[in-house]
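Next comes work00.txt, a file with compact mmCIF, C-alpha atoms.
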# COMPACT_ATOMS: atom_id res chain seq x y z
CA MET A 1 209.09 -47.18 244.26
CA ILE A 2 209.93 -47.35 247.92
CA GLU A 3 208.61 -44.67 250.25
CA TYR A 4 210.14 -44.04 253.65
CA SER A 5 207.46 -42.41 255.71
CA ASP A 6 206.47 -41.41 259.22
CA LEU A 7 202.75 -41.74 259.96
CA GLU A 8 202.76 -38.68 262.22
CA CYS A 9 204.56 -36.48 259.68
CA PRO A 10 202.30 -33.99 257.86
CA TYR A 11 204.66 -33.79 254.88
CA CYS A 12 204.41 -37.57 254.55
CA ALA A 13 200.62 -37.29 254.50
CA ARG A 14 200.90 -34.72 251.73
CA ALA A 15 203.30 -36.94 249.77
CA SER A 16 200.99 -39.88 250.25
CA ARG A 17 198.05 -37.99 248.76
CA LEU A 18 200.19 -37.05 245.75
CA LEU A 19 201.20 -40.67 245.25
CA ASP A 20 197.64 -42.00 245.53
CA GLY A 21 196.41 -43.37 242.24
CA LEU A 22 199.75 -43.38 240.46
CA PRO A 23 200.25 -46.44 238.28
CA LEU A 24 203.07 -47.98 240.29
CA ARG A 25 203.75 -50.45 243.04
CA ARG A 26 204.26 -48.61 246.31
CA VAL A 27 206.49 -50.27 248.86
CA PHE A 28 205.96 -48.62 252.21
CA ARG A 29 208.75 -48.58 254.78
CA HIS A 30 208.47 -47.10 258.23
CA PHE A 31 210.88 -44.32 259.11
CA PRO A 32 209.60 -43.16 262.51
CA VAL A 33 211.45 -40.13 263.85
CA VAL A 34 210.39 -40.16 267.48
CA SER A 35 212.34 -37.08 268.57
CA LYS A 36 210.17 -35.10 266.18
CA HIS A 37 206.99 -37.16 266.29
CA PRO A 38 206.50 -38.87 269.66
CA ARG A 39 203.75 -41.20 268.41
CA ALA A 40 205.57 -42.22 265.22
CA ARG A 41 206.71 -45.62 266.37
CA VAL A 42 203.37 -46.40 268.05
CA LEU A 43 201.57 -45.56 264.82
CA ALA A 44 203.97 -47.61 262.71
CA ALA A 45 203.29 -50.59 264.97
CA ALA A 46 199.54 -49.93 264.75
CA ALA A 47 199.65 -50.00 260.95
CA GLU A 48 201.63 -53.24 261.02
CA ALA A 49 199.16 -54.75 263.51
CA ALA A 50 196.31 -53.80 261.19
CA GLY A 51 198.34 -55.38 258.40
CA LEU A 52 198.31 -58.68 260.28
CA GLN A 53 194.53 -58.55 259.81
CA GLY A 54 194.92 -57.64 256.15
CA ARG A 55 194.22 -53.92 256.59
CA PHE A 56 197.63 -52.23 256.43
CA TRP A 57 196.81 -49.69 253.72
CA GLU A 58 193.39 -49.00 255.18
CA MET A 59 194.96 -48.10 258.54
CA HIS A 60 197.70 -46.15 256.75
CA ASP A 61 195.12 -44.14 254.81
CA SER A 62 193.04 -43.58 257.92
CA LEU A 63 196.03 -42.20 259.87
CA MET A 64 197.29 -40.08 256.99
CA ALA A 65 193.82 -38.60 256.46
CA ASP A 66 193.59 -37.38 260.06
CA GLN A 67 196.81 -36.91 261.99
CA GLY A 68 195.05 -34.94 264.71
CA HIS A 69 193.59 -37.99 266.47
CA LEU A 70 196.38 -40.38 267.28
CA ASP A 71 195.84 -41.41 270.91
CA ASP A 72 195.06 -45.00 271.82
CA PRO A 73 191.24 -44.54 271.99
CA HIS A 74 191.38 -42.98 268.52
CA LEU A 75 193.29 -46.01 267.27
CA TRP A 76 190.60 -48.31 268.68
CA GLN A 77 187.90 -46.23 266.97
CA ARG A 78 189.78 -46.56 263.70
CA CYS A 79 189.99 -50.32 264.22
CA GLN A 80 186.27 -50.55 264.78
CA ARG A 81 185.60 -48.56 261.63
CA LEU A 82 187.85 -50.91 259.67
CA GLY A 83 186.20 -53.97 261.19
CA LEU A 84 189.32 -55.16 262.99
CA ASP A 85 189.49 -57.41 266.03
CA VAL A 86 190.57 -54.78 268.57
CA GLU A 87 191.85 -57.23 271.15
CA ARG A 88 194.07 -58.92 268.63
CA PHE A 89 195.19 -55.51 267.34
CA GLU A 90 196.17 -54.50 270.90
CA ALA A 91 198.26 -57.63 271.38
CA ASP A 92 199.85 -57.45 267.95
CA ARG A 93 200.86 -53.81 268.03
CA ARG A 94 202.85 -54.39 271.22
CA SER A 95 204.40 -57.63 270.02
CA GLU A 96 208.09 -58.19 269.44
CA PRO A 97 207.79 -59.23 265.76
CA VAL A 98 205.91 -56.03 264.93
CA ALA A 99 208.51 -53.87 266.72
CA GLU A 100 211.24 -55.74 264.87
CA ARG A 101 209.52 -55.20 261.56
CA VAL A 102 209.34 -51.44 262.15
CA GLN A 103 212.96 -51.31 263.29
CA ARG A 104 214.04 -53.32 260.24
CA ASP A 105 212.36 -50.77 257.98
CA PHE A 106 214.01 -47.90 259.85
CA ARG A 107 217.43 -49.51 259.64
CA SER A 108 217.07 -50.14 255.93
CA GLY A 109 216.29 -46.44 255.54
CA ILE A 110 219.38 -45.42 257.50
CA ARG A 111 221.47 -47.76 255.33
CA ALA A 112 219.96 -46.30 252.17
CA GLY A 113 220.95 -42.80 253.34
CA VAL A 114 217.46 -41.57 254.20
CA ALA A 115 217.84 -38.39 256.26
CA THR A 116 214.40 -36.83 256.15
CA THR A 117 210.76 -37.82 255.75
CA PRO A 118 209.26 -38.43 253.39
CA SER A 119 211.94 -39.88 251.14
CA LEU A 120 211.23 -41.78 247.96
CA VAL A 121 213.61 -44.27 246.41
CA VAL A 122 213.19 -44.58 242.66
CA ASP A 123 215.62 -46.71 240.66
CA GLY A 124 217.99 -46.74 243.59
CA VAL A 125 218.14 -42.95 243.97
CA VAL A 126 216.88 -41.30 247.17
CA TYR A 127 214.62 -38.28 246.64
CA PRO A 128 214.15 -36.44 249.94
CA GLY A 129 211.01 -34.46 250.70
CA VAL A 130 207.55 -34.17 249.20
CA PRO A 131 207.88 -35.21 245.54
CA GLY A 132 207.88 -32.34 243.07
CA LEU A 133 206.07 -32.18 239.77
CA SER A 134 208.90 -33.54 237.65
CA LEU A 135 209.32 -36.61 239.85
CA LEU A 136 205.54 -37.17 239.95
CA GLU A 137 205.42 -36.99 236.17
CA ARG A 138 208.20 -39.53 235.94
CA LEU A 139 206.18 -41.75 238.22
CA GLY A 140 203.29 -41.63 235.76
CA ARG A 141 201.12 -38.75 236.91
CA ARG A 142 198.82 -37.51 234.21
CA GLU A 143 197.48 -34.00 233.97
CA PRO A 144 193.97 -33.88 235.41
CA MET B 1 236.96 -28.09 253.10
CA ILE B 2 239.24 -29.69 255.64
CA GLU B 3 240.32 -33.24 254.82
CA ALA B 4 241.48 -36.38 256.57
CA GLY B 5 245.02 -36.12 257.92
CA ALA B 6 244.80 -32.44 258.84
CA VAL B 7 245.19 -31.24 262.41
CA ALA B 8 241.74 -30.15 263.59
CA PRO B 9 241.62 -26.31 263.81
CA ASP B 10 241.30 -25.10 267.37
CA PHE B 11 237.98 -23.68 268.57
CA CYS B 12 236.11 -22.64 271.66
CA LEU B 13 232.38 -22.07 271.16
CA PRO B 14 229.38 -21.69 273.48
CA ASP B 15 226.77 -24.43 273.33
CA GLN B 16 222.98 -23.97 273.61
CA ASP B 17 223.33 -23.27 277.34
CA GLY B 18 226.20 -20.83 276.92
CA ASP B 19 228.74 -23.35 278.22
CA GLU B 20 231.98 -23.35 276.29
CA VAL B 21 233.10 -26.42 274.35
CA SER B 22 236.63 -26.38 273.02
CA LEU B 23 238.61 -28.65 270.75
CA GLN B 24 240.61 -29.77 273.78
CA ASP B 25 237.41 -31.13 275.34
CA LEU B 26 237.22 -33.60 272.43
CA ALA B 27 240.62 -35.15 273.15
CA GLY B 28 240.45 -38.87 273.82
CA GLN B 29 237.11 -39.44 272.07
CA THR B 30 235.90 -39.74 268.50
CA SER B 31 233.82 -36.69 267.62
CA VAL B 32 231.65 -35.77 264.67
CA LEU B 33 231.10 -32.09 263.95
CA VAL B 34 227.83 -31.67 262.07
CA PHE B 35 227.92 -28.32 260.25
CA TYR B 36 224.48 -27.25 258.99
CA PRO B 37 223.05 -24.08 257.40
CA LEU B 38 220.64 -22.62 259.96
CA ASP B 39 218.36 -23.42 262.89
CA PHE B 40 214.65 -23.61 261.98
CA SER B 41 215.12 -24.31 258.30
CA PRO B 42 211.79 -25.11 256.67
CA VAL B 43 211.93 -28.88 256.65
CA CYS B 44 209.74 -31.14 258.71
CA THR B 45 212.21 -33.66 259.97
CA ASP B 46 215.66 -32.28 260.36
CA GLN B 47 218.93 -34.06 259.75
CA LEU B 48 219.64 -33.79 263.47
CA ASN B 49 216.36 -35.54 264.32
CA VAL B 50 217.46 -38.51 262.30
CA TYR B 51 220.89 -38.51 263.92
CA GLN B 52 219.15 -38.32 267.30
CA GLU B 53 217.30 -41.57 266.49
CA VAL B 54 220.58 -43.44 266.01
CA LEU B 55 222.50 -41.53 268.69
CA PRO B 56 222.56 -44.47 271.15
CA GLU B 57 224.12 -46.64 268.43
CA LEU B 58 226.64 -43.99 267.46
CA GLU B 59 227.57 -43.45 271.09
CA ALA B 60 227.92 -47.20 271.59
CA LYS B 61 230.52 -47.08 268.83
CA GLY B 62 232.32 -44.36 270.76
CA ALA B 63 231.24 -41.33 268.74
CA ARG B 64 230.05 -38.00 270.14
CA LEU B 65 228.08 -35.62 267.91
CA TYR B 66 228.10 -31.80 267.94
CA GLY B 67 225.96 -29.61 265.70
CA ILE B 68 227.49 -26.32 264.56
CA SER B 69 225.88 -23.39 262.79
CA VAL B 70 226.23 -19.61 262.80
CA ASP B 71 223.11 -19.20 264.97
CA SER B 72 223.37 -17.89 268.52
CA SER B 73 223.18 -19.96 271.71
CA PHE B 74 219.65 -18.67 272.36
CA SER B 75 218.48 -19.77 268.94
CA HIS B 76 220.16 -23.14 269.45
CA LYS B 77 218.40 -23.57 272.79
CA ALA B 78 214.98 -23.01 271.23
CA PHE B 79 215.79 -25.13 268.20
CA GLN B 80 217.01 -28.01 270.35
CA ALA B 81 213.82 -27.90 272.42
CA GLN B 82 211.58 -27.68 269.37
CA MET B 83 213.26 -30.68 267.78
CA GLY B 84 213.39 -32.69 270.97
CA ILE B 85 217.04 -33.56 270.57
CA SER B 86 219.90 -33.88 273.02
CA ILE B 87 222.78 -33.40 270.57
CA PRO B 88 224.71 -30.31 271.75
CA LEU B 89 224.60 -27.35 269.37
CA LEU B 90 227.60 -25.01 269.17
CA ALA B 91 227.19 -21.36 268.22
CA ASP B 92 229.71 -20.11 265.65
CA PHE B 93 228.10 -16.72 266.11
CA HIS B 94 230.79 -14.23 267.03
CA PRO B 95 232.93 -13.54 265.14
CA LYS B 96 230.41 -14.99 262.74
CA GLY B 97 231.45 -18.23 261.09
CA GLU B 98 235.07 -18.04 262.23
CA VAL B 99 235.34 -21.71 263.13
CA SER B 100 233.34 -22.76 260.07
CA LYS B 101 235.78 -20.80 257.91
CA ALA B 102 238.72 -22.56 259.55
CA TYR B 103 237.08 -25.88 258.63
CA GLY B 104 236.35 -24.63 255.10
CA VAL B 105 232.58 -25.07 255.25
CA TYR B 106 231.38 -21.44 255.38
CA ILE B 107 229.55 -20.14 252.30
CA GLU B 108 230.66 -16.50 252.12
CA ASP B 109 227.94 -15.17 249.81
CA ARG B 110 225.12 -16.87 251.77
CA GLY B 111 226.41 -16.12 255.23
CA HIS B 112 225.91 -19.61 256.58
CA ASP B 113 227.50 -23.05 256.61
CA GLN B 114 227.37 -25.80 254.04
CA ARG B 115 226.07 -29.15 255.22
CA ALA B 116 229.23 -30.98 256.16
CA LEU B 117 230.48 -33.66 258.53
CA VAL B 118 233.95 -33.70 260.07
CA MET B 119 235.12 -36.65 262.15
CA ILE B 120 237.90 -35.87 264.63
CA GLY B 121 239.92 -38.67 266.20
CA PRO B 122 240.98 -38.93 269.87
CA ASP B 123 244.32 -37.30 268.98
CA LEU B 124 242.46 -34.29 267.49
CA GLU B 125 243.34 -35.14 263.92
CA VAL B 126 240.68 -35.06 261.22
CA VAL B 127 240.02 -38.68 260.26
CA TRP B 128 237.19 -38.16 257.79
CA SER B 129 235.14 -35.40 256.25
CA HIS B 130 232.17 -35.10 253.94
CA GLN B 131 230.57 -32.13 252.26
CA SER B 132 227.07 -32.20 250.81
CA PRO B 133 226.93 -31.32 247.10
CA SER B 134 224.12 -28.87 247.99
CA PRO B 135 222.36 -27.70 251.18
CA LEU B 136 219.29 -29.62 249.99
CA GLU B 137 221.14 -32.91 250.07
CA ILE B 138 221.24 -34.08 253.63
CA PRO B 139 224.02 -36.51 254.53
CA GLY B 140 222.51 -39.71 255.91
CA ALA B 141 223.62 -41.27 259.17
CA ASN B 142 224.92 -44.20 257.11
CA LEU B 143 227.91 -42.03 256.16
CA ILE B 144 228.84 -41.63 259.82
CA PHE B 145 228.50 -45.36 260.50
CA ASP B 146 230.66 -46.15 257.47
CA ALA B 147 233.31 -43.65 258.53
CA LEU B 148 233.36 -45.05 262.08
CA GLU B 149 233.86 -48.54 260.72
CA GLN B 150 236.66 -47.36 258.46
CA ALA B 151 238.32 -45.51 261.31
CA ALA B 152 238.15 -48.63 263.48
CA ALA B 153 239.58 -50.88 260.77
I need this file expressed as structure tokens, please.
Amino acid sequence: MIEYSDLECPYCARASRLLDGLPLRRVFRHFPVVSKHPRARVLAAAAEAAGLQGRFWEMHDSLMADQGHLDDPHLWQRCQRLGLDVERFEADRRSEPVAERVQRDFRSGIRAGVATTPSLVVDGVVYPGVPGLSLLERLGRREP
Amino acid sequence: MIEAGAVAPDFCLPDQDGDEVSLQDLAGQTSVLVFYPLDFSPVCTDQLNVYQEVLPELEAKGARLYGISVDSSFSHKAFQAQMGISIPLLADFHPKGEVSKAYGVYIEDRGHDQRALVMIGPDLEVVWSHQSPSPLEIPGANLIFDALEQAAA
């Protein structure tokens, strides 16, 4: 399953929580919509920079768990909590390869027909919005 | 809905600032009319936000985008500001839905437009159109890019 997501989007955070723990391989692709979420691209780059230190999902989870603290000092605090090298993080998140990576994800979403966040792609079909119960069940959710 | 080959129906509608935009203003450029149901629909990231992200690329390919719904100019103004977009929004408000009806995208029993895209060539002929199977299915920007490529071929 591929998820197109925007790290500043509250609906994406909700979708992410619903997808947590499902027995499937999640492929995360950035779909930052800056006109709606001004920090979206900055956050996408931050998650990628954390990924270069092996902590992509940890940074993803940290951002999704608290979308109210997204300024640069908050990002540094998150880095410290995750044990990241902050100086390296600062250089990486502003680097060309990281920006290209984010843009490549975004472009692949546009090509796939993604028009809202979150959007899930399952077996080649795009499902826009927070996944509903029937889709979650298809993805392997068990009743609690 | 209106299809490729048809002469684009004439219109003159106020935008979000109350300034009139008419079909004649679109002569000599490739235009995409983006018909959508209503301002402030309850989705987080709107179709128009996504189009805004690729607007520089669309404009580089010579396309100009215009949103159209049955909302008023004042509603459009607030909606545009809330979404942080620069795409002009035209108000098909009075008589309600008249232009949308001429383009065959007005849903009579709901009182608003279907999600639909209409590409108008420089000679004011419809060169491509697309209607969403349902208002929930949002046409991706990929459709516009594909149509632009086809039109250029």
From the list B:Gly84, B:Gly140, B:Pro14, B:Gly28, the nearest residue to Ser35 of chain A using only C-alpha atoms is B:Gly84
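Of the residues under consideration (B:Glu98, B:Asp46, B:Asp109, B:Asp71), B:Glu98 shows the shortest atom-to-atom contact distance to Asp10 of chain B when counting only C-alpha atoms.
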Box along x, y and z, 5 Å on every side, all listed atoms of segment 78-88 of chain A inside: centre and edge lengths in Å to one decimal, as JSON.
{"center_x": 189.8, "center_y": -52.7, "center_z": 265.4, "size_x": 18.5, "size_y": 22.4, "size_z": 21.5}
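Among the candidates A:Gly124, A:Gly21, A:Gly54, A:Pro97, the one nearest to Ala112 of chain A when counting only C-alpha atoms is A:Gly124.
For the set A:Trp57, A:Tyr11, A:Phe89, A:Phe28, the residue with the smallest atom-to-atom gap to chain B is A:Tyr11, counting all atoms listed in the file.
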Please provide the set of residues having any atom within 7 Å of Leu33 of chain B, restricted to only C-alpha atoms, with same-chain residues fewer than 4 positions apart removed, written as a ChimeraX atom specification. /B:65-68,117-119
What residues in chain B lie within 8 Å of chain A, counting all atoms listed in the file, written as a PDB file with C-alpha atoms, in the coordinates of the input?
ATOM      1  CA  CYS B  44     209.740 -31.140 258.710  1.00  0.00           C
ATOM      2  CA  THR B  45     212.210 -33.660 259.970  1.00  0.00           C
ATOM      3  CA  ASP B  46     215.660 -32.280 260.360  1.00  0.00           C
ATOM      4  CA  GLN B  47     218.930 -34.060 259.750  1.00  0.00           C
ATOM      5  CA  ASN B  49     216.360 -35.540 264.320  1.00  0.00           C
ATOM      6  CA  VAL B  50     217.460 -38.510 262.300  1.00  0.00           C
ATOM      7  CA  GLN B  52     219.150 -38.320 267.300  1.00  0.00           C
ATOM      8  CA  GLU B  53     217.300 -41.570 266.490  1.00  0.00           C
ATOM      9  CA  MET B  83     213.260 -30.680 267.780  1.00  0.00           C
ATOM     10  CA  GLY B  84     213.390 -32.690 270.970  1.00  0.00           C
ATOM     11  CA  ILE B  85     217.040 -33.560 270.570  1.00  0.00           C
ATOM     12  CA  GLU B 137     221.140 -32.910 250.070  1.00  0.00           C
ATOM     13  CA  ILE B 138     221.240 -34.080 253.630  1.00  0.00           C
ATOM     14  CA  PRO B 139     224.020 -36.510 254.530  1.00  0.00           C
ATOM     15  CA  GLY B 140     222.510 -39.710 255.910  1.00  0.00           C
ATOM     16  CA  ALA B 141     223.620 -41.270 259.170  1.00  0.00           C
ATOM     17  CA  ASN B 142     224.920 -44.200 257.110  1.00  0.00           C
ATOM     18  CA  LEU B 143     227.910 -42.030 256.160  1.00  0.00           C
TER      19      LEU B 143
END
Shortest contact to Ser72 of chain B, candidates B:Glu125, B:Glu20, B:Asp15, B:Glu59, atoms counted all atoms listed in the file, goes to B:Asp15
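For Arg138 of chain A, the set of protein, DNA and RNA residues having any atom at most 12 Å away, when counting all atoms listed in the file and skipping those fewer than 3 positions along the same chain, is Met1, Leu19, Leu22, Pro23, Leu24, Val122, Asp123, Pro131, Gly132, Leu133, Ser134, Leu135, Arg141 and Arg142 of chain A.
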Pairwise distance, atom CA of Asp85 of chain A with atom CA of Ala45 of chain A, equals 15.4 Å
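One finds atom CA of Asp123 of chain B at 24.0 Å from atom CA of Tyr51 of chain B.
Across A:Val27, A:Leu139, A:Ala47, A:Ala65, the tightest approach to Arg93 of chain A is made by A:Ala47 when counting only C-alpha atoms.
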So that I can see what lies close to Val42 of chain A, please list as a VMD selection string the residues with an atom at most 12 Å from it, counting all atoms listed in the file and leaving out residues fewer than 6 positions away in the same chain. chain A and resid 6 to 8 30 to 34 48 to 49 63 70 to 72 75 90 92 to 95 98 to 99 102 to 103
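We find atom CA of Ser69 of chain B and atom CA of Leu89 of chain B to be spaced 7.8 Å apart.
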Name all residues at most 12 Å from segment 90-96 of chain B (count all atoms listed in the file; drop same-chain ones fewer than 6 positions away) and give them as a VMD selection string.
chain B and resid 11 to 23 33 to 39 65 to 77 79 to 80 102 to 103 105 to 108 111 to 113
Excluding same-chain residues fewer than 3 positions from Pro135 of chain B, what lies within 7 Å of it counting all atoms listed in the file, as an MDAnalysis selection string? chainID B and resid 114:115 132 138
Output C-alpha atoms for every residue in the selection just made, as a CSV table (one decimal), in the frame of the given file.
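This went into part_12.csv:
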chain,number,residue,atom,x,y,z
B,114,GLN,CA,227.4,-25.8,254.0
B,115,ARG,CA,226.1,-29.2,255.2
B,132,SER,CA,227.1,-32.2,250.8
B,138,ILE,CA,221.2,-34.1,253.6
